[in-house]
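Asks: I'm passing along start08.txt; it holds compact mmCIF, C-alpha atoms and all ligand atoms.
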```
# COMPACT_ATOMS: atom_id res chain seq x y z
CA MET A 1 -27.80 16.30 -30.38
CA ILE A 2 -25.25 18.37 -28.50
CA HIS A 3 -23.65 20.87 -30.86
CA THR A 4 -21.24 23.62 -29.79
CA ARG A 5 -18.99 26.18 -31.45
CA ILE A 6 -16.09 23.72 -31.33
CA CYS A 7 -18.04 21.35 -33.61
CA ASP A 8 -18.22 24.08 -36.28
CA LEU A 9 -14.65 25.25 -35.75
CA LEU A 10 -13.12 21.77 -36.08
CA GLY A 11 -15.70 20.23 -38.42
CA ILE A 12 -16.72 17.47 -35.99
CA VAL A 13 -20.03 15.96 -34.88
CA HIS A 14 -19.44 15.59 -31.12
CA PRO A 15 -17.52 18.01 -28.88
CA ILE A 16 -15.22 15.25 -27.62
CA ILE A 17 -11.49 15.54 -28.24
CA LEU A 18 -8.72 13.00 -27.67
CA GLY A 19 -5.73 14.62 -25.96
CA GLY A 20 -2.44 14.02 -27.76
CA MET A 21 -0.53 11.67 -25.44
CA GLY A 22 3.12 10.90 -26.07
CA THR A 23 3.15 7.21 -25.30
CA ALA A 24 -0.55 6.50 -25.57
CA THR A 25 -1.75 7.83 -28.94
CA THR A 26 -1.00 6.18 -32.26
CA ALA A 27 -2.79 6.25 -35.61
CA PRO A 28 -5.46 3.61 -34.84
CA LEU A 29 -6.67 5.46 -31.72
CA VAL A 30 -6.51 8.93 -33.29
CA ALA A 31 -8.40 7.79 -36.40
CA ALA A 32 -10.96 5.88 -34.33
CA VAL A 33 -11.86 8.99 -32.33
CA SER A 34 -12.20 11.08 -35.48
CA ASN A 35 -14.20 8.35 -37.22
CA ALA A 36 -16.54 8.20 -34.21
CA GLY A 37 -17.41 11.87 -34.74
CA GLY A 38 -14.96 13.26 -32.15
CA PHE A 39 -11.54 14.74 -32.78
CA GLY A 40 -8.40 12.62 -32.54
CA THR A 41 -5.03 14.15 -31.66
CA LEU A 42 -1.66 12.49 -32.06
CA GLY A 43 0.99 13.01 -29.38
CA THR A 44 4.51 13.30 -30.80
CA SER A 45 6.94 12.92 -27.92
CA ALA A 46 7.50 9.18 -28.47
CA PHE A 47 8.49 9.64 -32.13
CA ASN A 48 11.34 10.98 -34.21
CA ALA A 49 10.61 12.99 -37.37
CA ALA A 50 10.52 9.97 -39.72
CA GLN A 51 8.23 8.03 -37.38
CA LEU A 52 5.95 11.04 -37.03
CA GLU A 53 5.64 11.31 -40.80
CA THR A 54 4.73 7.61 -41.04
CA GLU A 55 2.22 7.87 -38.19
CA ILE A 56 0.45 10.86 -39.74
CA ALA A 57 0.29 9.04 -43.09
CA SER A 58 -1.22 6.07 -41.24
CA ILE A 59 -3.93 8.32 -39.73
CA ARG A 60 -4.76 9.59 -43.23
CA GLU A 61 -5.07 6.01 -44.51
CA ARG A 62 -7.59 5.28 -41.75
CA THR A 63 -9.72 8.42 -41.86
CA GLU A 64 -10.65 11.40 -43.99
CA LYS A 65 -11.92 13.21 -40.91
CA PRO A 66 -10.14 16.09 -39.18
CA PHE A 67 -7.41 15.36 -36.61
CA GLY A 68 -4.66 17.18 -34.74
CA VAL A 69 -0.98 16.82 -33.91
CA ASN A 70 0.32 17.76 -30.46
CA HIS A 71 3.74 19.16 -29.55
CA LEU A 72 5.20 19.74 -26.10
CA LEU A 73 6.65 23.20 -26.64
CA PHE A 74 9.44 23.06 -24.07
CA GLN A 75 11.08 20.23 -25.99
CA ILE A 76 9.84 20.93 -29.53
CA GLN A 77 12.24 19.87 -32.25
CA GLU A 78 12.35 21.83 -35.48
CA ASP A 79 12.45 18.77 -37.78
CA MET A 80 9.40 17.30 -36.01
CA PHE A 81 7.48 20.57 -36.16
CA ARG A 82 8.22 20.83 -39.90
CA VAL A 83 6.70 17.37 -40.41
CA THR A 84 3.54 18.59 -38.69
CA LEU A 85 3.40 21.79 -40.71
CA ARG A 86 3.88 19.90 -43.97
CA ALA A 87 1.05 17.53 -43.03
CA GLN A 88 -1.32 20.50 -42.48
CA PRO A 89 -3.46 18.90 -39.78
CA THR A 90 -6.73 20.60 -38.87
CA VAL A 91 -5.18 21.48 -35.51
CA ALA A 92 -1.65 22.05 -34.31
CA ALA A 93 -1.97 21.50 -30.56
CA PHE A 94 0.59 22.72 -28.05
CA ALA A 95 1.20 22.52 -24.34
CA TRP A 96 3.85 23.19 -21.71
CA ALA A 97 5.84 26.12 -23.10
CA ARG A 98 8.81 27.51 -21.26
CA LYS A 99 8.31 31.06 -20.02
CA ASP A 100 10.98 32.38 -22.40
CA GLN A 101 9.48 30.86 -25.56
CA ASP A 102 7.83 33.03 -28.19
CA LEU A 103 4.44 31.38 -28.74
CA ARG A 104 3.51 33.81 -31.48
CA GLU A 105 6.13 32.42 -33.84
CA TYR A 106 4.95 28.80 -33.49
CA PHE A 107 1.29 29.77 -33.74
CA GLN A 108 1.89 31.94 -36.81
CA ARG A 109 3.70 29.11 -38.60
CA ALA A 110 0.82 26.75 -37.79
CA HIS A 111 -1.69 29.28 -39.10
CA ASP A 112 0.38 29.79 -42.25
CA ALA A 113 0.19 26.02 -42.82
CA GLY A 114 -3.61 26.24 -42.59
CA SER A 115 -3.96 24.69 -39.12
CA LYS A 116 -5.96 25.98 -36.17
CA VAL A 117 -3.98 26.41 -32.95
CA MET A 118 -5.00 24.74 -29.70
CA TYR A 119 -3.12 25.42 -26.47
CA MET A 120 -3.53 23.54 -23.20
CA ALA A 121 -2.93 25.36 -19.92
CA GLY A 122 -3.32 24.50 -16.26
CA GLU A 123 -3.44 28.12 -15.16
CA VAL A 124 -5.26 31.18 -16.44
CA PRO A 125 -2.28 33.53 -17.07
CA GLU A 126 -0.78 30.84 -19.30
CA ALA A 127 -4.04 30.62 -21.26
CA VAL A 128 -4.14 34.42 -21.64
CA ARG A 129 -0.55 34.36 -22.88
CA ALA A 130 -1.55 31.81 -25.54
CA ALA A 131 -4.69 33.74 -26.46
CA GLU A 132 -2.65 36.91 -26.95
CA ALA A 133 -0.22 34.96 -29.12
CA GLY A 134 -3.05 33.96 -31.46
CA ALA A 135 -4.41 30.60 -30.22
CA ASP A 136 -7.83 29.64 -31.62
CA VAL A 137 -8.84 27.22 -28.84
CA LEU A 138 -7.72 26.94 -25.22
CA VAL A 139 -7.80 23.80 -23.12
CA ALA A 140 -8.29 24.22 -19.37
CA GLN A 141 -6.50 21.24 -17.88
CA GLY A 142 -7.42 20.58 -14.27
CA THR A 143 -5.14 18.92 -11.78
CA GLU A 144 -7.41 15.84 -11.74
CA ALA A 145 -6.08 14.94 -15.18
CA GLY A 146 -3.67 12.15 -15.97
CA GLY A 147 -0.12 12.92 -17.05
CA HIS A 148 1.56 16.28 -16.43
CA VAL A 149 -0.68 18.79 -14.68
CA GLY A 150 -0.81 22.02 -12.71
CA TRP A 151 -2.48 22.83 -9.39
CA MET A 152 -5.95 24.15 -10.24
CA ALA A 153 -8.95 21.84 -10.36
CA SER A 154 -11.22 21.88 -13.40
CA LEU A 155 -14.30 23.14 -11.55
CA PRO A 156 -12.88 26.63 -10.84
CA LEU A 157 -10.31 26.65 -13.67
CA VAL A 158 -12.76 26.25 -16.56
CA PRO A 159 -15.13 29.17 -15.80
CA ILE A 160 -12.27 31.49 -14.83
CA MET A 161 -10.47 30.69 -18.08
CA VAL A 162 -13.66 30.97 -20.16
CA LYS A 163 -14.13 34.51 -18.87
CA ALA A 164 -10.46 35.46 -19.21
CA VAL A 165 -10.08 34.45 -22.87
CA ALA A 166 -13.64 35.20 -24.10
CA PRO A 167 -14.80 34.91 -26.82
CA LEU A 168 -12.28 32.16 -27.59
CA PRO A 169 -13.62 28.63 -27.06
CA VAL A 170 -12.33 26.62 -24.09
CA LEU A 171 -12.29 22.84 -23.69
CA CYS A 172 -12.35 21.15 -20.29
CA ALA A 173 -9.67 18.52 -19.65
CA GLY A 174 -9.18 16.47 -16.54
CA GLY A 175 -11.67 14.46 -14.54
CA VAL A 176 -14.04 13.85 -17.45
CA GLY A 177 -14.77 10.18 -17.99
CA ASP A 178 -18.43 10.06 -18.94
CA GLY A 179 -21.49 12.05 -19.99
CA ARG A 180 -21.86 13.62 -16.55
CA GLY A 181 -18.47 15.23 -17.07
CA LEU A 182 -19.43 16.52 -20.52
CA ALA A 183 -22.70 18.01 -19.23
CA ALA A 184 -20.84 19.61 -16.30
CA ALA A 185 -18.15 21.03 -18.58
CA LEU A 186 -20.79 22.62 -20.82
CA ALA A 187 -22.48 24.09 -17.74
CA LEU A 188 -19.15 25.65 -16.74
CA GLY A 189 -18.96 27.39 -20.10
CA ALA A 190 -16.68 24.99 -21.94
CA GLU A 191 -17.42 24.18 -25.60
CA GLY A 192 -16.43 20.54 -25.17
CA VAL A 193 -14.13 18.11 -23.40
CA LEU A 194 -10.66 16.75 -24.01
CA LEU A 195 -10.04 13.27 -22.65
CA GLY A 196 -6.97 11.16 -22.02
CA THR A 197 -7.58 8.49 -19.40
CA ARG A 198 -10.98 7.36 -20.75
CA PHE A 199 -9.52 6.80 -24.21
CA MET A 200 -6.54 4.90 -22.77
CA ALA A 201 -8.95 2.22 -21.55
CA THR A 202 -10.22 1.46 -25.06
CA GLN A 203 -9.61 -1.42 -27.43
CA GLU A 204 -7.79 0.87 -29.85
CA ALA A 205 -5.35 2.41 -27.35
CA PRO A 206 -1.72 1.37 -27.97
CA ILE A 207 -0.92 0.57 -24.32
CA HIS A 208 -0.50 -2.82 -22.66
CA LEU A 209 -3.74 -4.57 -21.72
CA ASN A 210 -2.56 -4.69 -18.08
CA PHE A 211 -2.42 -0.87 -18.02
CA LYS A 212 -5.94 -0.60 -19.45
CA GLN A 213 -7.10 -3.05 -16.79
CA ALA A 214 -5.32 -1.02 -14.06
CA ILE A 215 -7.43 1.99 -15.09
CA VAL A 216 -10.59 -0.12 -14.94
CA ASN A 217 -9.58 -1.51 -11.53
CA SER A 218 -8.73 1.92 -10.09
CA ASP A 219 -11.33 3.55 -7.86
CA GLY A 220 -9.82 6.96 -8.68
CA HIS A 221 -8.27 7.40 -5.22
CA ASP A 222 -4.93 5.77 -5.99
CA THR A 223 -3.20 8.50 -8.03
CA VAL A 224 -0.63 10.93 -6.72
CA LEU A 225 1.14 14.06 -7.95
CA THR A 226 4.80 13.23 -8.21
CA GLU A 227 8.09 14.09 -9.91
CA ILE A 228 9.35 10.51 -9.66
CA PRO A 229 8.53 9.40 -13.23
CA ASP A 230 10.27 12.49 -14.62
CA LEU A 231 13.33 11.99 -12.41
CA ALA A 232 13.57 8.42 -13.70
CA SER A 233 13.25 9.49 -17.33
CA GLN A 234 15.58 12.44 -16.71
CA ARG A 235 13.23 14.88 -18.38
CA VAL A 236 12.51 18.07 -16.48
CA TRP A 237 9.18 19.69 -17.35
CA PRO A 238 8.66 23.43 -16.87
CA GLY A 239 6.62 23.61 -13.70
CA ALA A 240 4.65 20.37 -13.96
CA MET A 241 3.93 17.52 -11.64
CA SER A 242 2.88 14.18 -13.03
CA ARG A 243 -0.29 12.38 -11.94
CA ALA A 244 0.43 8.69 -11.79
CA GLN A 245 -0.85 5.68 -9.94
CA ARG A 246 0.76 5.23 -6.50
CA ASN A 247 2.14 1.79 -7.35
CA LYS A 248 5.23 -0.02 -6.04
CA PHE A 249 7.53 2.03 -8.30
CA ILE A 250 6.28 5.34 -6.84
CA GLU A 251 6.21 4.02 -3.25
CA ARG A 252 9.79 2.79 -3.59
CA TRP A 253 11.09 6.30 -4.30
CA ALA A 254 8.62 8.60 -2.52
CA GLY A 255 10.61 10.71 -0.06
CA ARG A 256 13.85 9.31 -1.52
CA GLU A 257 13.96 11.39 -4.69
CA TRP A 258 17.53 12.37 -3.83
CA ALA A 259 18.54 8.71 -4.03
CA LEU A 260 16.68 8.22 -7.31
CA ARG A 261 18.58 11.13 -8.85
CA GLN A 262 21.85 9.28 -8.21
CA ILE A 263 20.85 6.25 -10.29
CA ALA A 264 18.20 7.73 -12.58
CA PRO A 265 19.58 6.18 -15.82
CA ASP A 266 19.36 2.66 -14.35
CA VAL A 267 15.91 3.22 -12.91
CA GLY A 268 14.78 4.76 -16.19
CA LYS A 269 15.79 1.56 -18.02
CA GLN A 270 13.97 -0.61 -15.47
CA VAL A 271 10.81 1.49 -15.83
CA ALA A 272 10.97 1.28 -19.63
CA ALA A 273 11.38 -2.51 -19.44
CA ALA A 274 8.46 -2.77 -17.00
CA ARG A 275 6.33 -0.70 -19.38
CA ALA A 276 7.13 -3.01 -22.30
CA ALA A 277 6.35 -6.09 -20.17
CA GLY A 278 3.05 -4.70 -18.89
CA ASP A 279 4.36 -4.81 -15.31
CA ILE A 280 1.88 -2.55 -13.53
CA ASP A 281 3.84 -2.55 -10.25
CA ASN A 282 7.14 -1.33 -11.61
CA ALA A 283 6.17 0.82 -14.61
CA SER A 284 5.06 4.43 -14.37
CA LEU A 285 1.27 4.46 -14.86
CA SER A 286 -0.01 7.94 -15.66
CA PHE A 287 -3.76 8.29 -15.45
CA GLY A 288 -6.30 10.67 -13.99
CA GLN A 289 -8.74 10.60 -11.08
CA ASP A 290 -11.54 9.89 -13.55
CA ALA A 291 -10.22 6.31 -13.64
CA GLY A 292 -12.75 5.87 -10.85
CA LEU A 293 -15.52 6.45 -13.42
CA ILE A 294 -14.22 3.83 -15.84
CA ASP A 295 -15.38 0.26 -15.36
CA ALA A 296 -14.84 -1.39 -18.73
CA ILE A 297 -12.48 -1.43 -21.69
CA LYS A 298 -14.71 -0.36 -24.57
CA SER A 299 -14.31 0.49 -28.23
CA VAL A 300 -13.71 4.16 -28.99
CA ARG A 301 -17.06 4.34 -30.77
CA GLU A 302 -18.87 3.05 -27.67
CA VAL A 303 -17.04 5.56 -25.47
CA VAL A 304 -18.03 8.50 -27.66
CA GLN A 305 -21.64 7.34 -28.10
CA ASP A 306 -22.09 6.59 -24.38
CA ILE A 307 -20.71 9.99 -23.33
CA VAL A 308 -22.92 11.83 -25.78
CA ALA A 309 -26.05 9.83 -24.88
CA GLU A 310 -25.53 10.28 -21.13
CA ALA A 311 -24.86 14.02 -21.44
CA GLU A 312 -27.94 14.50 -23.61
CA GLU A 313 -30.08 12.62 -21.11
CA ILE A 314 -28.85 14.85 -18.27
CA ILE A 315 -29.43 18.05 -20.24
CA LYS A 316 -32.85 16.98 -21.58
CA GLY A 317 -34.12 14.94 -18.66
CA ARG A 318 -32.61 15.52 -15.25
CA LEU A 319 -31.73 19.22 -15.38
CA PRO A 320 -35.07 20.57 -16.70
CA SER A 321 -36.89 18.43 -14.13
CA LEU A 322 -35.14 20.38 -11.37
CA LEU A 323 -36.76 23.66 -12.38
CA ARG A 324 -39.88 24.87 -10.57
C1 LIG B 401 -0.10 9.00 -20.40
C2 LIG B 401 -0.43 10.42 -20.71
C3 LIG B 401 0.37 11.12 -21.61
C4 LIG B 401 0.06 12.46 -21.93
N1 LIG B 401 0.86 13.12 -22.83
C5 LIG B 401 0.51 14.37 -23.22
C6 LIG B 401 1.26 15.04 -24.23
O1 LIG B 401 2.24 14.52 -24.77
N2 LIG B 401 0.86 16.29 -24.60
C7 LIG B 401 -0.23 16.91 -24.02
O2 LIG B 401 -0.56 18.03 -24.40
N3 LIG B 401 -0.95 16.30 -23.06
C8 LIG B 401 -0.61 15.04 -22.64
N4 LIG B 401 -1.36 14.42 -21.68
C9 LIG B 401 -2.50 15.12 -21.06
C10 LIG B 401 -3.78 14.94 -21.88
O3 LIG B 401 -3.68 15.67 -23.08
C11 LIG B 401 -5.03 15.44 -21.13
O4 LIG B 401 -4.86 16.77 -20.72
C12 LIG B 401 -5.38 14.62 -19.92
O5 LIG B 401 -5.20 13.25 -20.14
C13 LIG B 401 -6.85 14.90 -19.54
O6 LIG B 401 -7.18 14.32 -18.32
P1 LIG B 401 -7.81 12.85 -18.17
O7 LIG B 401 -6.64 11.93 -18.31
O8 LIG B 401 -8.37 12.89 -16.80
O9 LIG B 401 -8.82 12.67 -19.24
C14 LIG B 401 -1.07 13.08 -21.32
C15 LIG B 401 -1.87 12.37 -20.44
C16 LIG B 401 -1.58 11.06 -20.13
C17 LIG B 401 -2.50 10.31 -19.18
```
Reformat the file's structure so that it appears as structure tokens.
Ligand SMILES: Cc1cc2nc3c(=O)[nH]c(=O)nc-3n(C[C@H](O)[C@H](O)[C@H](O)COP(=O)(O)O)c2cc1C
Replies:
Amino acid sequence: MIHTRICDLLGIVHPIILGGMGTATTAPLVAAVSNAGGFGTLGTSAFNAAQLETEIASIRERTEKPFGVNHLLFQIQEDMFRVTLRAQPTVAAFAWARKDQDLREYFQRAHDAGSKVMYMAGEVPEAVRAAEAGADVLVAQGTEAGGHVGWMASLPLVPIMVKAVAPLPVLCAGGVGDGRGLAAALALGAEGVLLGTRFMATQEAPIHLNFKQAIVNSDGHDTVLTEIPDLASQRVWPGAMSRAQRNKFIERWAGREWALRQIAPDVGKQVAAARAAGDIDNASLSFGQDAGLIDAIKSVREVVQDIVAEAEEIIKGRLPSLLR
């Protein structure tokens, strides 16, 4: 069995973590990942404080295993953060701080509540900043990932970050969809993987079936880095692009962002309606390049078991056979 330092630190069986995703993680998915021996994380950006409290209670009804709660720091709301602190999750996970934010204060409050602190970064200086502020775990998020990302790919980012924040554990996020990705991440020095896209194409994920099928149908070549979804939702992220499928919605506005800005509220409503209707042409579909590795909607348990089994086979079988 693959066992790393992150398994001991978080009290989990497999070094496989679900990334907290605003619109794509609810209690059933989070609990399913934790119950499968991985680590589920709840995204918070789609909730208000009362909803967050209910959702965390729902996770606790479904599992006694450890889980985390994720906050986007640039838009963190005090009432929401207090809900998380009161709930005392195993991990308070953060990402996307503004440059002027004091990370130390948030991390200290999480530690005082008894939570470990995880911070996701797409560049090494940002990871070092979080390490110096007291983070317990760093996540190296490569640009292959779905959702909001930076510019560095996982292959160089992970080992550079591992060295820069040593001895703190680093997880690899972005581009990992199967056991080959887990084995590669471990070879790069990561202590485990954090997945978004692969868990979106599961039975337990709270997204429309058409979106899950779009991930399955994708060959991984159809995503693009764009600001269009953020312009439509009128939410400016600090220094992020968004990786989304290049569908009709993106094609309609590519190169015409100036025009989109003029009618962003209307377009934002249309995109939200398309999302609710499962309209894959006109909604914003955020997923990563590893969609090309995903060919079936599975249960969370199958995903976790398949990743672990494939990685073990590579480490035990293929890699040793290469040595002379
Ligand atoms: C739809 C979507 C929403 C996301 N929302 C968040 C979020 O709210 N907070 C966060 O830290 N990461 C978020 N992420 C990024 C994931 O945590 C993770 O880094 C990424 O999905 C990993 O790459 P992969 O999709 O290739 O597995 C999101 C990703 C996606 C696809």
Asks: Once you add 4 Å to each side, what are the centre and edge lengths of the axis-aligned box holding all listed atoms of ligand LIG 401 (chain B)? One decimal in Å, as AutoDock Vina command-line options, if you can.
Replies:
```
--center_x -3.3 --center_y 13.5 --center_z -20.8 --size_x 19.1 --size_y 17.0 --size_z 16.0
```
Asks: Ligand LIG 401 (chain B): which residues are within 9 Å, counting all atoms listed in the file, as a PyMOL selection string?
Replies: chain A and resi 18-25+41-46+70-72+93-96+119-121+139-149+172-177+193-200+242-244+285-291
Asks: Keeping only C-alpha atoms, write those residues as an mmCIF file, in the frame of the given file.
Replies:
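Just written: part_26.cif:
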```cif
data_model
loop_
_atom_site.group_PDB
_atom_site.id
_atom_site.type_symbol
_atom_site.label_atom_id
_atom_site.label_comp_id
_atom_site.auth_asym_id
_atom_site.auth_seq_id
_atom_site.Cartn_x
_atom_site.Cartn_y
_atom_site.Cartn_z
ATOM 1 C CA LEU A 18 -8.720 13.000 -27.670
ATOM 2 C CA GLY A 19 -5.730 14.620 -25.960
ATOM 3 C CA GLY A 20 -2.440 14.020 -27.760
ATOM 4 C CA MET A 21 -0.530 11.670 -25.440
ATOM 5 C CA GLY A 22 3.120 10.900 -26.070
ATOM 6 C CA THR A 23 3.150 7.210 -25.300
ATOM 7 C CA ALA A 24 -0.550 6.500 -25.570
ATOM 8 C CA THR A 25 -1.750 7.830 -28.940
ATOM 9 C CA THR A 41 -5.030 14.150 -31.660
ATOM 10 C CA LEU A 42 -1.660 12.490 -32.060
ATOM 11 C CA GLY A 43 0.990 13.010 -29.380
ATOM 12 C CA THR A 44 4.510 13.300 -30.800
ATOM 13 C CA SER A 45 6.940 12.920 -27.920
ATOM 14 C CA ALA A 46 7.500 9.180 -28.470
ATOM 15 C CA ASN A 70 0.320 17.760 -30.460
ATOM 16 C CA HIS A 71 3.740 19.160 -29.550
ATOM 17 C CA LEU A 72 5.200 19.740 -26.100
ATOM 18 C CA ALA A 93 -1.970 21.500 -30.560
ATOM 19 C CA PHE A 94 0.590 22.720 -28.050
ATOM 20 C CA ALA A 95 1.200 22.520 -24.340
ATOM 21 C CA TRP A 96 3.850 23.190 -21.710
ATOM 22 C CA TYR A 119 -3.120 25.420 -26.470
ATOM 23 C CA MET A 120 -3.530 23.540 -23.200
ATOM 24 C CA ALA A 121 -2.930 25.360 -19.920
ATOM 25 C CA VAL A 139 -7.800 23.800 -23.120
ATOM 26 C CA ALA A 140 -8.290 24.220 -19.370
ATOM 27 C CA GLN A 141 -6.500 21.240 -17.880
ATOM 28 C CA GLY A 142 -7.420 20.580 -14.270
ATOM 29 C CA THR A 143 -5.140 18.920 -11.780
ATOM 30 C CA GLU A 144 -7.410 15.840 -11.740
ATOM 31 C CA ALA A 145 -6.080 14.940 -15.180
ATOM 32 C CA GLY A 146 -3.670 12.150 -15.970
ATOM 33 C CA GLY A 147 -0.120 12.920 -17.050
ATOM 34 C CA HIS A 148 1.560 16.280 -16.430
ATOM 35 C CA VAL A 149 -0.680 18.790 -14.680
ATOM 36 C CA CYS A 172 -12.350 21.150 -20.290
ATOM 37 C CA ALA A 173 -9.670 18.520 -19.650
ATOM 38 C CA GLY A 174 -9.180 16.470 -16.540
ATOM 39 C CA GLY A 175 -11.670 14.460 -14.540
ATOM 40 C CA VAL A 176 -14.040 13.850 -17.450
ATOM 41 C CA GLY A 177 -14.770 10.180 -17.990
ATOM 42 C CA VAL A 193 -14.130 18.110 -23.400
ATOM 43 C CA LEU A 194 -10.660 16.750 -24.010
ATOM 44 C CA LEU A 195 -10.040 13.270 -22.650
ATOM 45 C CA GLY A 196 -6.970 11.160 -22.020
ATOM 46 C CA THR A 197 -7.580 8.490 -19.400
ATOM 47 C CA ARG A 198 -10.980 7.360 -20.750
ATOM 48 C CA PHE A 199 -9.520 6.800 -24.210
ATOM 49 C CA MET A 200 -6.540 4.900 -22.770
ATOM 50 C CA SER A 242 2.880 14.180 -13.030
ATOM 51 C CA ARG A 243 -0.290 12.380 -11.940
ATOM 52 C CA ALA A 244 0.430 8.690 -11.790
ATOM 53 C CA LEU A 285 1.270 4.460 -14.860
ATOM 54 C CA SER A 286 -0.010 7.940 -15.660
ATOM 55 C CA PHE A 287 -3.760 8.290 -15.450
ATOM 56 C CA GLY A 288 -6.300 10.670 -13.990
ATOM 57 C CA GLN A 289 -8.740 10.600 -11.080
ATOM 58 C CA ASP A 290 -11.540 9.890 -13.550
ATOM 59 C CA ALA A 291 -10.220 6.310 -13.640
#
```
Asks: Between A:Ser299, A:Ser115, A:Thr4, A:Thr54, which has the minimum distance to Gln203 of chain A (counting all atoms listed in the file)?
Replies: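 Counting all atoms listed in the file, the residue closest to Gln203 of chain A is A:Ser299.
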Asks: Of the residues A:Ile17, A:Val300, A:Ala27, A:Ile228, which is the one nearest to Gly268 of chain A, using only C-alpha atoms?
Replies: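 Closest candidate: A:Ile228.
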Asks: Using all atoms listed in the file, which protein or nucleic acid residues come within 10 Å of Glu132 of chain A? Drop anything in the same chain fewer than 4 positions from it, and give the result as a ChimeraX atom specification.
Replies: /A:103-104,126-128,165
Asks: Which of these, A:Leu209, A:Ile76, A:Ile215, A:Leu260, has the shortest distance to Ile294 of chain A once you count all atoms listed in the file?
Replies: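 Looking at the shortest contact to Ile294 of chain A, the residue is A:Ile215.
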Asks: Which is closer to Lys298 of chain A than all the others in A:Ala205, A:Leu323, A:Ala190, A:Ala110, using all atoms listed in the file?
Replies: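 When distances to Lys298 of chain A are compared using all atoms listed in the file, the smallest one comes from A:Ala205.
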Asks: With distances taken over only C-alpha atoms, which residue among A:Ala214, A:Ile315, A:Ala232, A:Ala97 lies nearest Pro265 of chain A?
Replies: A:Ala232
Asks: Measuring between all atoms listed in the file, which one of A:Val137, A:Val13, A:Val124, A:Leu85 shows the shortest distance to Ala153 of chain A?
Replies: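 Comparing A:Val137, A:Val13, A:Val124, A:Leu85 against Ala153 of chain A, the winner is A:Val124.
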Asks: Any idea what's packed within 8 Å of Val83 of chain A, counting only C-alpha atoms, ignoring anything in its chain fewer than 6 positions away? Could you give it as number ranges by chain?
Replies: A: 49, 52-53
Asks: Could you give me, as JSON, numbers by chain, the residues within 9 Å of Ala296 of chain A, counting all atoms listed in the file and dropping anything in the same chain fewer than 4 positions from it?
Replies: {"A": [201, 202, 212, 213, 215, 216, 217]}
Asks: Just to confirm, what's the straight-line distance from atom CA of Gln75 of chain A to atom CA of Gln234 of chain A in Å (one decimal)?
Replies: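 It comes out at 12.9 Å.
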Asks: In Å, how far is it from atom CA of Gly122 of chain A to atom CA of Ala164 of chain A?
Replies: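 Separation between atom CA of Gly122 of chain A and atom CA of Ala164 of chain A: 13.4 Å.
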Asks: Using the atoms already present, construct N, CA and C atoms for segment 197-208 of chain A and hand them back as a compact mmCIF listing (two decimals), keeping the file's coordinate frame.
Replies:
```
# COMPACT_ATOMS: atom_id res chain seq x y z
N THR A 197 -7.45 9.76 -20.12
CA THR A 197 -7.58 8.49 -19.40
C THR A 197 -8.69 7.61 -19.98
N ARG A 198 -9.87 8.18 -20.25
CA ARG A 198 -10.98 7.36 -20.75
C ARG A 198 -10.61 6.68 -22.07
N PHE A 199 -9.89 7.40 -22.93
CA PHE A 199 -9.52 6.80 -24.21
C PHE A 199 -8.35 5.81 -24.08
N MET A 200 -7.60 5.90 -22.97
CA MET A 200 -6.54 4.90 -22.77
C MET A 200 -7.14 3.52 -22.48
N ALA A 201 -8.30 3.50 -21.84
CA ALA A 201 -8.95 2.22 -21.55
C ALA A 201 -9.92 1.86 -22.68
N THR A 202 -9.41 1.87 -23.90
CA THR A 202 -10.22 1.46 -25.06
C THR A 202 -9.48 0.36 -25.81
N GLN A 203 -10.22 -0.34 -26.64
CA GLN A 203 -9.61 -1.42 -27.43
C GLN A 203 -8.53 -0.88 -28.35
N GLU A 204 -8.72 0.33 -28.84
CA GLU A 204 -7.79 0.87 -29.85
C GLU A 204 -6.54 1.49 -29.25
N ALA A 205 -6.51 1.72 -27.95
CA ALA A 205 -5.35 2.41 -27.35
C ALA A 205 -4.10 1.53 -27.43
N PRO A 206 -2.94 2.15 -27.72
CA PRO A 206 -1.72 1.37 -27.97
C PRO A 206 -0.94 1.05 -26.69
N ILE A 207 -1.63 0.89 -25.56
CA ILE A 207 -0.92 0.57 -24.32
C ILE A 207 -1.20 -0.87 -23.92
N HIS A 208 -0.37 -1.42 -23.07
CA HIS A 208 -0.50 -2.82 -22.66
C HIS A 208 -1.86 -3.06 -22.00
```
